[in-house]
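Have a look at my_file13.cif; it's mmCIF, C-alpha atoms:
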data_query
#
loop_
_atom_site.label_atom_id
_atom_site.label_comp_id
_atom_site.auth_asym_id
_atom_site.auth_seq_id
_atom_site.Cartn_x
_atom_site.Cartn_y
_atom_site.Cartn_z
CA MET A 4 -162.27 -49.66 62.50
CA ALA A 5 -163.46 -47.72 65.51
CA SER A 6 -162.65 -49.27 68.86
CA ILE A 7 -165.23 -49.70 71.64
CA PRO A 8 -164.59 -47.29 74.53
CA ASP A 9 -163.31 -48.91 77.74
CA SER A 10 -166.25 -47.46 79.69
CA GLN A 11 -168.74 -49.08 77.29
CA THR A 12 -166.91 -52.42 77.48
CA SER A 13 -166.90 -52.28 81.28
CA ALA A 14 -170.62 -51.45 81.32
CA THR A 15 -171.38 -54.36 78.98
CA MET A 16 -169.37 -56.79 81.13
CA GLY A 17 -171.00 -55.43 84.27
CA ASN A 18 -174.49 -55.85 82.85
CA HIS A 19 -173.73 -59.39 81.70
CA LEU A 20 -172.30 -60.31 85.09
CA LYS A 21 -175.37 -58.89 86.83
CA ALA A 22 -177.74 -60.73 84.50
CA ASN A 23 -175.88 -64.05 84.87
CA PHE A 24 -174.54 -63.67 88.38
CA ARG A 25 -176.21 -66.89 89.57
CA GLU A 26 -174.45 -68.96 86.89
CA TYR A 27 -170.97 -67.51 87.50
CA GLY A 28 -171.57 -67.19 91.23
CA MET A 29 -172.32 -70.89 91.73
CA LEU A 30 -169.19 -71.91 89.83
CA MET A 31 -167.03 -69.54 91.84
CA ALA A 32 -168.76 -70.63 95.06
CA LEU A 33 -167.81 -74.26 94.35
CA VAL A 34 -164.19 -73.25 93.70
CA ILE A 35 -164.06 -71.16 96.90
CA ILE A 36 -165.70 -73.88 99.03
CA MET A 37 -163.26 -76.50 97.72
CA ALA A 38 -160.30 -74.18 98.36
CA PHE A 39 -161.58 -73.45 101.88
CA PHE A 40 -161.96 -77.11 102.85
CA GLU A 41 -158.68 -78.04 101.14
CA PHE A 42 -156.96 -75.51 103.43
CA MET A 43 -158.95 -76.40 106.56
CA THR A 44 -158.39 -80.15 106.15
CA GLY A 45 -154.68 -79.81 105.52
CA GLY A 46 -154.90 -81.01 101.92
CA VAL A 47 -157.02 -84.09 102.67
CA LEU A 48 -159.99 -82.99 100.53
CA LEU A 49 -158.20 -83.29 97.18
CA ARG A 50 -156.23 -86.43 97.92
CA PRO A 51 -156.99 -89.09 95.27
CA LEU A 52 -158.57 -91.53 97.74
CA ASN A 53 -160.85 -88.85 99.19
CA LEU A 54 -161.77 -87.59 95.70
CA THR A 55 -162.81 -91.12 94.77
CA ASN A 56 -164.91 -91.35 97.93
CA LEU A 57 -166.41 -87.95 97.15
CA PHE A 58 -167.65 -89.17 93.76
CA LEU A 59 -168.90 -92.48 95.17
CA GLN A 60 -170.70 -90.85 98.09
CA ASN A 61 -172.43 -88.17 96.02
CA SER A 62 -173.19 -90.05 92.81
CA TYR A 63 -176.81 -90.61 93.87
CA ILE A 64 -177.31 -86.87 94.44
CA VAL A 65 -175.97 -85.98 90.99
CA ILE A 66 -177.96 -88.69 89.19
CA MET A 67 -181.27 -87.87 90.87
CA ALA A 68 -180.65 -84.11 90.60
CA LEU A 69 -180.73 -84.47 86.80
CA GLY A 70 -184.28 -85.78 86.95
CA MET A 71 -185.33 -83.52 89.82
CA LEU A 72 -184.24 -80.44 87.87
CA LEU A 73 -186.68 -81.33 85.07
CA VAL A 74 -189.43 -81.90 87.65
CA ILE A 75 -188.78 -78.51 89.28
CA VAL A 76 -188.43 -76.71 85.94
CA SER A 77 -191.82 -78.12 84.90
CA GLY A 78 -193.31 -76.52 88.03
CA HIS A 79 -193.58 -79.60 90.28
CA ILE A 80 -191.72 -81.40 93.06
CA ASP A 81 -191.01 -85.06 93.87
CA LEU A 82 -190.66 -86.00 97.54
CA SER A 83 -190.67 -89.77 96.91
CA VAL A 84 -187.27 -90.18 95.25
CA GLY A 85 -185.45 -91.28 98.41
CA SER A 86 -188.06 -93.93 99.21
CA VAL A 87 -188.14 -95.17 95.60
CA CYS A 88 -184.35 -95.32 95.66
CA GLY A 89 -184.36 -97.50 98.80
CA PHE A 90 -187.26 -99.66 97.59
CA VAL A 91 -185.60 -100.49 94.27
CA GLY A 92 -182.37 -101.32 96.10
CA GLY A 93 -184.41 -103.70 98.26
CA ILE A 94 -185.87 -105.37 95.16
CA ALA A 95 -182.36 -105.87 93.80
CA GLY A 96 -181.24 -107.40 97.10
CA VAL A 97 -184.13 -109.85 97.28
CA ALA A 98 -183.83 -110.81 93.60
CA ILE A 99 -180.04 -111.22 93.40
CA VAL A 100 -179.01 -112.29 96.91
CA THR A 101 -182.06 -114.18 98.17
CA HIS A 102 -183.32 -115.76 94.93
CA GLY A 103 -180.10 -115.79 92.89
CA TYR A 104 -181.46 -114.10 89.75
CA PRO A 105 -178.89 -112.92 87.16
CA VAL A 106 -177.48 -109.42 87.65
CA VAL A 107 -178.13 -107.82 84.25
CA PRO A 108 -181.81 -108.84 83.88
CA THR A 109 -182.39 -107.75 87.49
CA ILE A 110 -180.88 -104.32 86.81
CA ILE A 111 -183.12 -103.88 83.75
CA PHE A 112 -186.16 -105.01 85.74
CA CYS A 113 -185.36 -102.60 88.58
CA LEU A 114 -185.03 -99.67 86.18
CA ALA A 115 -188.40 -100.63 84.69
CA VAL A 116 -189.94 -100.76 88.18
CA GLY A 117 -188.60 -97.27 88.90
CA ALA A 118 -190.00 -95.95 85.62
CA ALA A 119 -193.37 -97.59 86.38
CA ILE A 120 -193.49 -95.97 89.82
CA GLY A 121 -192.71 -92.58 88.31
CA ALA A 122 -195.35 -93.15 85.62
CA ALA A 123 -197.98 -94.09 88.21
CA GLN A 124 -197.31 -90.92 90.20
CA GLY A 125 -197.10 -88.84 87.03
CA TYR A 126 -200.48 -90.15 85.90
CA TRP A 127 -202.29 -88.76 88.97
CA ILE A 128 -200.39 -85.47 88.73
CA ALA A 129 -200.73 -84.97 84.97
CA TYR A 130 -204.21 -86.28 84.23
CA TRP A 131 -206.05 -85.92 87.53
CA ARG A 132 -204.41 -82.62 88.46
CA ILE A 133 -203.60 -83.76 92.00
CA PRO A 134 -200.77 -81.58 93.39
CA SER A 135 -197.38 -83.24 93.01
CA PHE A 136 -196.55 -82.44 96.63
CA ILE A 137 -199.45 -84.61 97.83
CA VAL A 138 -198.93 -87.49 95.38
CA THR A 139 -195.20 -87.79 95.99
CA LEU A 140 -195.57 -87.33 99.76
CA ALA A 141 -197.92 -90.32 99.67
CA GLY A 142 -195.37 -92.14 97.51
CA MET A 143 -192.63 -91.39 100.01
CA LEU A 144 -194.62 -93.05 102.79
CA VAL A 145 -195.84 -95.96 100.65
CA PHE A 146 -192.46 -97.01 99.27
CA ARG A 147 -190.68 -96.49 102.57
CA GLY A 148 -193.17 -98.90 104.13
CA LEU A 149 -192.91 -101.36 101.25
CA ASN A 150 -189.13 -101.41 101.57
CA LEU A 151 -189.38 -102.23 105.28
CA ALA A 152 -191.88 -105.02 104.51
CA LEU A 153 -189.81 -106.35 101.60
CA LEU A 154 -186.62 -106.60 103.64
CA ASN A 155 -188.45 -107.59 106.83
CA GLY A 156 -186.53 -104.87 108.65
CA GLU A 157 -183.15 -106.53 107.96
CA SER A 158 -180.25 -105.88 105.59
CA ILE A 159 -179.62 -108.30 102.71
CA GLY A 160 -176.15 -108.89 101.30
CA PRO A 161 -173.49 -109.27 100.11
CA PHE A 162 -173.98 -108.75 96.39
CA PRO A 163 -171.86 -110.55 93.77
CA LYS A 164 -168.81 -108.72 92.41
CA SER A 165 -170.47 -108.12 89.04
CA PHE A 166 -173.20 -106.06 90.72
CA GLN A 167 -170.75 -104.16 92.92
CA LEU A 168 -169.01 -102.90 89.77
CA LEU A 169 -171.92 -100.46 89.36
CA SER A 170 -170.38 -98.36 92.11
CA SER A 171 -167.05 -99.69 93.33
CA GLY A 172 -165.52 -100.68 89.97
CA PHE A 173 -162.87 -98.70 88.09
CA VAL A 174 -162.12 -98.18 84.41
CA PRO A 175 -159.12 -100.43 83.57
CA ASP A 176 -155.90 -98.84 82.35
CA LEU A 177 -155.70 -99.74 78.66
CA PHE A 178 -152.27 -98.12 78.22
CA GLY A 179 -150.51 -99.81 81.12
CA GLY A 180 -148.88 -96.70 82.58
CA ALA A 181 -146.27 -97.22 85.32
CA GLY A 182 -147.49 -95.45 88.46
CA LEU A 183 -149.99 -93.38 86.49
CA ASN A 184 -153.32 -94.53 85.07
CA MET A 185 -152.96 -93.16 81.54
CA THR A 186 -156.51 -94.12 80.55
CA ALA A 187 -157.89 -91.83 83.26
CA LEU A 188 -155.62 -88.98 82.16
CA VAL A 189 -156.42 -89.42 78.46
CA LEU A 190 -160.18 -89.58 79.09
CA GLY A 191 -159.98 -86.49 81.30
CA CYS A 192 -158.04 -84.48 78.75
CA GLY A 193 -160.38 -85.68 76.02
CA ALA A 194 -163.46 -84.64 77.99
CA ALA A 195 -161.97 -81.18 78.63
CA ALA A 196 -161.11 -80.79 74.94
CA VAL A 197 -164.61 -81.81 73.84
CA LEU A 198 -166.21 -79.34 76.25
CA VAL A 199 -164.00 -76.48 75.08
CA TRP A 200 -164.57 -77.41 71.42
CA GLY A 201 -168.33 -77.49 71.97
CA ALA A 202 -168.26 -74.09 73.72
CA VAL A 203 -166.18 -72.55 70.93
CA ARG A 204 -168.47 -74.03 68.28
CA THR A 205 -171.58 -72.69 70.03
CA ARG A 206 -170.02 -69.23 70.34
CA ALA A 207 -169.06 -69.28 66.65
CA LYS A 208 -172.67 -70.05 65.70
CA GLN A 209 -173.87 -67.20 67.90
CA ALA A 210 -171.35 -64.85 66.29
CA LYS A 211 -172.56 -65.89 62.86
CA TYR A 212 -176.03 -64.59 63.71
CA ASP A 213 -174.70 -61.68 65.77
CA SER A 214 -176.26 -63.05 68.97
CA VAL A 215 -173.19 -63.37 71.23
CA GLU A 216 -174.11 -62.11 74.70
CA GLU A 217 -171.25 -63.42 76.84
CA PRO A 218 -168.15 -61.19 76.87
CA PHE A 219 -165.01 -62.96 75.68
CA ALA A 220 -163.28 -62.53 79.05
CA PHE A 221 -166.09 -64.37 80.86
CA PHE A 222 -166.14 -67.03 78.16
CA LEU A 223 -162.42 -67.69 78.62
CA LEU A 224 -162.59 -67.63 82.43
CA LYS A 225 -165.56 -70.00 82.71
CA ASN A 226 -164.34 -72.57 80.22
CA GLY A 227 -160.76 -72.30 81.46
CA ILE A 228 -161.81 -73.09 85.03
CA ILE A 229 -163.95 -76.03 83.93
CA ALA A 230 -161.27 -77.49 81.62
CA PHE A 231 -158.52 -77.07 84.22
CA ALA A 232 -160.67 -78.68 86.92
CA ILE A 233 -161.44 -81.71 84.74
CA VAL A 234 -157.80 -82.26 83.75
CA TYR A 235 -156.49 -81.70 87.28
CA ILE A 236 -159.01 -84.05 88.90
CA SER A 237 -158.31 -86.65 86.20
CA PHE A 238 -154.59 -86.36 86.99
CA LEU A 239 -155.19 -86.81 90.71
CA LEU A 240 -157.38 -89.86 90.10
CA ALA A 241 -154.79 -91.21 87.64
CA THR A 242 -152.22 -91.31 90.45
CA ALA A 243 -154.46 -93.77 92.31
CA ARG A 244 -156.90 -96.35 90.91
CA GLY A 245 -158.16 -94.25 88.01
CA LEU A 246 -161.70 -93.29 87.09
CA PRO A 247 -164.55 -94.92 89.05
CA ASN A 248 -167.25 -96.54 86.90
CA VAL A 249 -169.88 -94.37 88.58
CA LEU A 250 -168.03 -91.24 87.44
CA ILE A 251 -168.33 -92.38 83.83
CA THR A 252 -172.04 -93.08 84.39
CA MET A 253 -172.52 -89.58 85.78
CA ALA A 254 -170.58 -87.96 82.93
CA VAL A 255 -172.64 -89.76 80.27
CA LEU A 256 -175.92 -88.83 81.97
CA ILE A 257 -174.88 -85.19 82.43
CA ALA A 258 -173.94 -84.94 78.74
CA ALA A 259 -177.19 -86.61 77.64
CA TYR A 260 -179.46 -84.45 79.79
CA THR A 261 -177.59 -81.27 78.88
CA PHE A 262 -178.16 -82.11 75.22
CA VAL A 263 -181.85 -82.86 75.79
CA THR A 264 -182.52 -79.63 77.69
CA ASN A 265 -180.49 -77.37 75.39
CA LYS A 266 -180.88 -78.86 71.93
CA THR A 267 -184.15 -80.75 71.68
CA THR A 268 -187.80 -79.80 71.27
CA ILE A 269 -188.90 -81.72 74.35
CA GLY A 270 -186.34 -79.84 76.45
CA ARG A 271 -187.62 -76.45 75.28
CA ARG A 272 -191.20 -77.57 75.92
CA ILE A 273 -190.40 -78.50 79.52
CA TYR A 274 -189.11 -74.97 80.13
CA ALA A 275 -192.17 -73.52 78.39
CA LEU A 276 -194.41 -75.68 80.59
CA GLY A 277 -192.79 -74.43 83.77
CA GLY A 278 -192.72 -70.82 82.61
CA ASN A 279 -196.42 -70.60 81.75
CA GLU A 280 -198.50 -73.76 81.52
CA LYS A 281 -201.55 -72.08 80.00
CA ALA A 282 -199.51 -70.40 77.27
CA ALA A 283 -197.72 -73.69 76.58
CA LYS A 284 -201.03 -75.52 76.23
CA LEU A 285 -202.43 -72.84 73.92
CA SER A 286 -199.32 -73.12 71.73
CA GLY A 287 -200.08 -76.79 71.10
CA ILE A 288 -197.84 -78.45 73.71
CA ARG A 289 -199.40 -81.56 75.25
CA THR A 290 -198.59 -80.52 78.81
CA ASN A 291 -200.23 -83.55 80.45
CA ARG A 292 -198.07 -85.98 78.53
CA LEU A 293 -194.97 -83.89 79.23
CA VAL A 294 -195.56 -83.95 83.00
CA PHE A 295 -196.19 -87.70 82.80
CA LEU A 296 -192.85 -88.24 81.00
CA VAL A 297 -190.95 -86.00 83.44
CA PHE A 298 -192.09 -88.08 86.43
CA THR A 299 -191.46 -91.36 84.59
CA ASN A 300 -187.91 -90.21 83.92
CA MET A 301 -187.50 -89.21 87.58
CA GLY A 302 -188.59 -92.66 88.73
CA MET A 303 -186.08 -94.37 86.45
CA LEU A 304 -183.20 -92.19 87.69
CA ALA A 305 -184.23 -92.82 91.30
CA ALA A 306 -184.09 -96.55 90.55
CA LEU A 307 -180.61 -96.20 89.04
CA ALA A 308 -179.47 -94.29 92.12
CA GLY A 309 -180.93 -97.04 94.30
CA LEU A 310 -178.95 -99.71 92.45
CA ILE A 311 -175.73 -97.69 92.80
CA ILE A 312 -176.31 -97.12 96.53
CA ALA A 313 -176.97 -100.84 97.06
CA ALA A 314 -173.81 -101.71 95.11
CA ARG A 315 -171.75 -99.22 97.12
CA LEU A 316 -173.05 -100.47 100.50
CA ASN A 317 -172.85 -104.07 99.24
CA SER A 318 -176.24 -104.66 100.82
CA ALA A 319 -179.89 -103.64 100.60
CA THR A 320 -180.85 -101.90 103.83
CA PRO A 321 -184.20 -100.67 105.24
CA SER A 322 -182.67 -97.23 105.93
CA ALA A 323 -181.36 -96.69 102.39
CA GLY A 324 -182.67 -93.51 100.80
CA VAL A 325 -183.80 -91.81 104.01
CA SER A 326 -183.81 -88.02 103.47
CA PHE A 327 -182.10 -88.36 100.07
CA GLU A 328 -184.87 -86.24 98.55
CA LEU A 329 -183.82 -83.30 100.72
CA ASP A 330 -180.23 -83.32 99.43
CA VAL A 331 -181.41 -83.72 95.83
CA ILE A 332 -183.95 -80.88 96.00
CA ALA A 333 -181.44 -78.68 97.81
CA ALA A 334 -178.83 -79.34 95.09
CA CYS A 335 -181.26 -78.13 92.40
CA PHE A 336 -182.22 -74.96 94.24
CA ILE A 337 -178.64 -74.14 95.21
CA GLY A 338 -177.70 -74.69 91.56
CA GLY A 339 -180.12 -72.03 90.35
CA ALA A 340 -183.47 -73.73 89.82
CA SER A 341 -186.45 -71.52 90.58
CA ALA A 342 -189.11 -72.65 93.03
CA SER A 343 -191.77 -71.26 90.69
CA GLY A 344 -190.59 -73.35 87.71
CA GLY A 345 -189.30 -72.53 84.24
CA VAL A 346 -185.74 -71.73 85.34
CA GLY A 347 -182.76 -74.01 85.92
CA ARG A 348 -179.88 -75.69 84.14
CA ILE A 349 -178.37 -79.16 84.25
CA VAL A 350 -174.88 -77.75 84.88
CA GLY A 351 -176.27 -75.68 87.75
CA ALA A 352 -177.87 -78.73 89.36
CA VAL A 353 -174.59 -80.66 89.07
CA ILE A 354 -172.65 -77.76 90.62
CA GLY A 355 -175.26 -77.57 93.40
CA ALA A 356 -174.90 -81.31 94.02
CA PHE A 357 -171.13 -81.04 94.30
CA ILE A 358 -171.42 -78.01 96.59
CA MET A 359 -173.55 -80.15 98.91
CA GLY A 360 -171.17 -83.08 98.54
CA VAL A 361 -168.01 -81.06 99.21
CA MET A 362 -169.63 -79.46 102.25
CA ASN A 363 -170.67 -82.86 103.63
CA ASN A 364 -167.25 -84.36 103.00
CA GLY A 365 -165.25 -81.37 104.22
CA MET A 366 -167.23 -80.94 107.42
CA SER A 367 -166.98 -84.66 108.14
CA ILE A 368 -163.17 -84.55 107.75
CA MET A 369 -163.02 -81.52 110.06
CA GLY A 370 -165.05 -83.39 112.66
CA VAL A 371 -168.12 -81.13 112.51
CA GLY A 372 -171.05 -82.90 114.15
CA ILE A 373 -174.01 -84.07 112.07
CA ASP A 374 -176.22 -81.62 113.99
CA PHE A 375 -174.26 -78.56 112.86
CA GLN A 376 -173.87 -80.03 109.36
CA GLN A 377 -177.66 -80.05 109.00
CA VAL A 378 -177.88 -76.48 110.30
CA ILE A 379 -175.25 -75.22 107.85
CA LYS A 380 -176.81 -77.01 104.87
CA GLY A 381 -180.23 -75.65 105.77
CA LEU A 382 -178.89 -72.09 105.94
CA VAL A 383 -177.14 -72.49 102.58
CA LEU A 384 -180.38 -73.71 100.98
CA LEU A 385 -182.38 -70.87 102.50
CA ALA A 386 -179.81 -68.32 101.31
CA ALA A 387 -179.99 -69.73 97.75
CA VAL A 388 -183.80 -69.47 97.62
CA ILE A 389 -183.80 -65.97 99.14
CA PHE A 390 -181.24 -64.92 96.54
CA ASP A 391 -183.46 -66.29 93.76
CA VAL A 392 -186.56 -64.48 95.05
CA TYR A 393 -184.58 -61.24 95.54
CA ASN A 394 -183.34 -61.35 91.92
CA LYS A 395 -186.88 -61.94 90.61
CA ASN A 396 -188.33 -59.07 92.62
CA LYS A 397 -185.50 -56.80 91.54
CA ALA A 398 -186.09 -57.68 87.88
#
Any chance you could put this one into structure tokens?
Amino acid sequence: MASIPDSQTSATMGNHLKANFREYGMLMALVIIMAFFEFMTGGVLLRPLNLTNLFLQNSYIVIMALGMLLVIVSGHIDLSVGSVCGFVGGIAGVAIVTHGYPVVPTIIFCLAVGAAIGAAQGYWIAYWRIPSFIVTLAGMLVFRGLNLALLNGESIGPFPKSFQLLSSGFVPDLFGGAGLNMTALVLGCGAAAVLVWGAVRTRAKQAKYDSVEEPFAFFLLKNGIIAFAIVYISFLLATARGLPNVLITMAVLIAAYTFVTNKTTIGRRIYALGGNEKAAKLSGIRTNRLVFLVFTNMGMLAALAGLIIAARLNSATPSAGVSFELDVIAACFIGGASASGGVGRIVGAVIGAFIMGVMNNGMSIMGVGIDFQQVIKGLVLLAAVIFDVYNKNKA
């Protein structure tokens, strides 16, 4: 069998890298940023306690970025997520702390309120064709004001322990390891194995139909880095208290939304909607209903983030959610979403969220002032958007 010349192989790998530079670049950027702050902080960044804080502090960004990515891919934006997040946390505080309502029914009610808010905003955007920027800007002001009125300008707390488990709880060690949380290690290794198995299975299906585009070297490198990172982080967390409950919540949501966007009809239709709405409508896609569902989903995820923030702070505060929408939108754009819609991946949004989180955490440990933190994050966001526009113009 004739072998492929080295020059042809190199050209193929070079073309693939150029075509998918954003995907590989963001992953490598996260690795480099983590290595930089690990060195600059003297090893503090990857200590188990700080890793736990990193997940707790950035869980709301990851959760809302999943919904925001779908909003951006569909060609819209949602500026109200921070205010909705704070407002729902205020509802939980008044219901549980002030009136003593049970935790579980309150959580379900709060998620329903978030979905209803998203549906109300989605209705005006989808069926009345009012620009999403205007509708959600109004929502940002309305729900910020309602939260201040609801809480009367004061914080409400503390929450009962059962509610705090949303954020501050940990998965118990079922194996009873001495000095090492074996449940955390087993779950981490299992998650890495499932991801690698899924990647291998997908590549095998592509090979069956002769549609493999990713060179084997890139396939090994990407999945090797991801699997190693999961196992290593699980080991570090296993040396402390184990896996935080919120990390499990994030993992389940990431898996679910990755499946929806990659494997389902509704996921493909969202990308078609953002790519060309007129063509999508002519092909039989009910674009109005799709936009309505995307914003309903965003409202529900904002509500979940609000509950987690309230549980983490152990109080409902009037300032909760302020400027959260900026971090969430920035995470999506840094992770590869296109400002014009139709482009973006769940994994990219998650990587973008963790880039923002690691930068926040690392700069805080180094003692960088909040003023310069904002400047640096703004420049990173601008660079990501410029890079996206440059690639489109070059194509």
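Here atom CA of A:Gly92 and atom CA of A:Arg348 stand 28.4 Å from one another.
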Checklist entry - Which residue, A:Val325, A:Met366, A:Ala129, A:Ala314, has the smallest gap to A:Gly78 when you use all atoms listed in the file? => result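 The closest residue to A:Gly78 is A:Ala129.
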Item to check | Expected selection from the PyMOL selection byres ((chain A and resi 157-159) around 12), given as a PyMOL selection string | outcome: chain A and resi 89+92-102+150-156+160-162+313-314+316-323
Item to check | A:Phe357 environment, 12 Å, all atoms listed in the file, sequence neighbours closer than 3 positions dropped, as a ChimeraX atom specification | outcome: /A:29-30,32-34,36-37,54,57-66,68,330-331,333-335,337-338,350-354,360-365
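Taking atom CA of A:Phe390 and atom CA of A:Arg25 as endpoints, the distance between them is 8.8 Å.
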Checklist entry - Looking at only C-alpha atoms, which of A:Ser341, A:Ser77, A:Gln124, A:Gln377 is the one that sits closest to A:Ile269? => result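 Of the candidates, the smallest distance to A:Ile269 is held by A:Ser77.
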Next on the checklist: To one decimal place in Å, what is the distance between atom CA of A:Pro218 and atom CA of A:Gly28?
Outcome noted: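 Taking atom CA of A:Pro218 and atom CA of A:Gly28, their separation equals 15.9 Å.
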Checklist entry - Closest to A:Thr261 among A:Val84, A:Phe90, A:Leu168, A:Ile349, using only C-alpha atoms? => result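 Between A:Val84, A:Phe90, A:Leu168, A:Ile349, the residue approaching A:Thr261 most closely is A:Ile349.
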Item to check | Residue members of the PyMOL selection byres ((chain A and resi 183) around 10) in the file shown, as a VMD selection string | outcome: chain A and resid 176 178 to 182 184 to 188 238 to 245
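Near A:Leu114, within a cut-off of 7 Å and counting only C-alpha atoms, sit the residues Ile110, Ile111, Gly117, Ala118, Met303, Ala306 and Leu307 of chain A, with same-chain residues fewer than 3 positions away left out.
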Which residues are close to A:Thr264, i.e. within 9 Å by all atoms listed in the file, leaving aside same-chain residues fewer than 2 positions away? Reply as a compact mmCIF listing (two decimals) with C-alpha atoms, in the frame of the given file.
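Result saved to selection.txt:
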# COMPACT_ATOMS: atom_id res chain seq x y z
CA LEU A 73 -186.68 -81.33 85.07
CA ALA A 259 -177.19 -86.61 77.64
CA TYR A 260 -179.46 -84.45 79.79
CA THR A 261 -177.59 -81.27 78.88
CA PHE A 262 -178.16 -82.11 75.22
CA LYS A 266 -180.88 -78.86 71.93
CA THR A 267 -184.15 -80.75 71.68
CA THR A 268 -187.80 -79.80 71.27
CA ILE A 269 -188.90 -81.72 74.35
CA GLY A 270 -186.34 -79.84 76.45
CA ARG A 271 -187.62 -76.45 75.28
CA ILE A 273 -190.40 -78.50 79.52
CA TYR A 274 -189.11 -74.97 80.13
CA ARG A 348 -179.88 -75.69 84.14
CA ILE A 349 -178.37 -79.16 84.25
Checklist entry - Residues picked by the PyMOL selection byres ((chain A and resi 134) around 12) here, as a ChimeraX atom specification? => result /A:78-82,124-133,135-141,294
Next on the checklist: as number ranges by chain, please: the residues near A:Leu224 (cut-off 12 Å, all atoms listed in the file, same-chain neighbours under 6 positions excluded).
Outcome noted: A: 27, 30-31, 199, 217-218, 230-231
Item to check | Proximity to A:Ala232 - best of A:Cys192, A:Val87, A:Leu310, A:Ala202, all atoms listed in the file | outcome: A:Cys192
Using the partial input, fill out stretch 188-201 of chain A with N, CA, C and O atoms; write the result as a tab-separated table (two decimals), in the frame of the given file.
chain	number	residue	atom	x	y	z
A	188	LEU	N	-156.15	-90.28	82.58
A	188	LEU	CA	-155.62	-88.98	82.16
A	188	LEU	C	-156.07	-88.65	80.73
A	188	LEU	O	-156.47	-87.52	80.44
A	189	VAL	N	-156.01	-89.63	79.85
A	189	VAL	CA	-156.42	-89.42	78.46
A	189	VAL	C	-157.90	-89.09	78.37
A	189	VAL	O	-158.31	-88.16	77.66
A	190	LEU	N	-158.73	-89.84	79.11
A	190	LEU	CA	-160.18	-89.58	79.09
A	190	LEU	C	-160.49	-88.20	79.67
A	190	LEU	O	-161.37	-87.48	79.16
A	191	GLY	N	-159.77	-87.80	80.71
A	191	GLY	CA	-159.98	-86.49	81.30
A	191	GLY	C	-159.62	-85.37	80.35
A	191	GLY	O	-160.38	-84.41	80.17
A	192	CYS	N	-158.46	-85.49	79.72
A	192	CYS	CA	-158.04	-84.48	78.75
A	192	CYS	C	-158.98	-84.44	77.55
A	192	CYS	O	-159.31	-83.37	77.02
A	193	GLY	N	-159.44	-85.62	77.14
A	193	GLY	CA	-160.38	-85.68	76.02
A	193	GLY	C	-161.69	-85.02	76.35
A	193	GLY	O	-162.27	-84.29	75.53
A	194	ALA	N	-162.20	-85.26	77.57
A	194	ALA	CA	-163.46	-84.64	77.99
A	194	ALA	C	-163.33	-83.12	78.04
A	194	ALA	O	-164.23	-82.40	77.60
A	195	ALA	N	-162.19	-82.63	78.56
A	195	ALA	CA	-161.97	-81.18	78.63
A	195	ALA	C	-161.91	-80.58	77.23
A	195	ALA	O	-162.48	-79.51	76.97
A	196	ALA	N	-161.23	-81.29	76.32
A	196	ALA	CA	-161.11	-80.79	74.94
A	196	ALA	C	-162.46	-80.74	74.24
A	196	ALA	O	-162.78	-79.78	73.53
A	197	VAL	N	-163.28	-81.77	74.46
A	197	VAL	CA	-164.61	-81.81	73.84
A	197	VAL	C	-165.48	-80.67	74.36
A	197	VAL	O	-166.21	-80.01	73.60
A	198	LEU	N	-165.42	-80.42	75.67
A	198	LEU	CA	-166.21	-79.34	76.25
A	198	LEU	C	-165.80	-77.98	75.69
A	198	LEU	O	-166.65	-77.15	75.34
A	199	VAL	N	-164.49	-77.75	75.61
A	199	VAL	CA	-164.00	-76.48	75.08
A	199	VAL	C	-164.37	-76.35	73.60
A	199	VAL	O	-164.82	-75.28	73.15
A	200	TRP	N	-164.21	-77.42	72.85
A	200	TRP	CA	-164.57	-77.41	71.42
A	200	TRP	C	-166.05	-77.10	71.24
A	200	TRP	O	-166.45	-76.31	70.39
A	201	GLY	N	-166.89	-77.74	72.06
A	201	GLY	CA	-168.33	-77.49	71.97
A	201	GLY	C	-168.68	-76.05	72.32
A	201	GLY	O	-169.53	-75.44	71.66
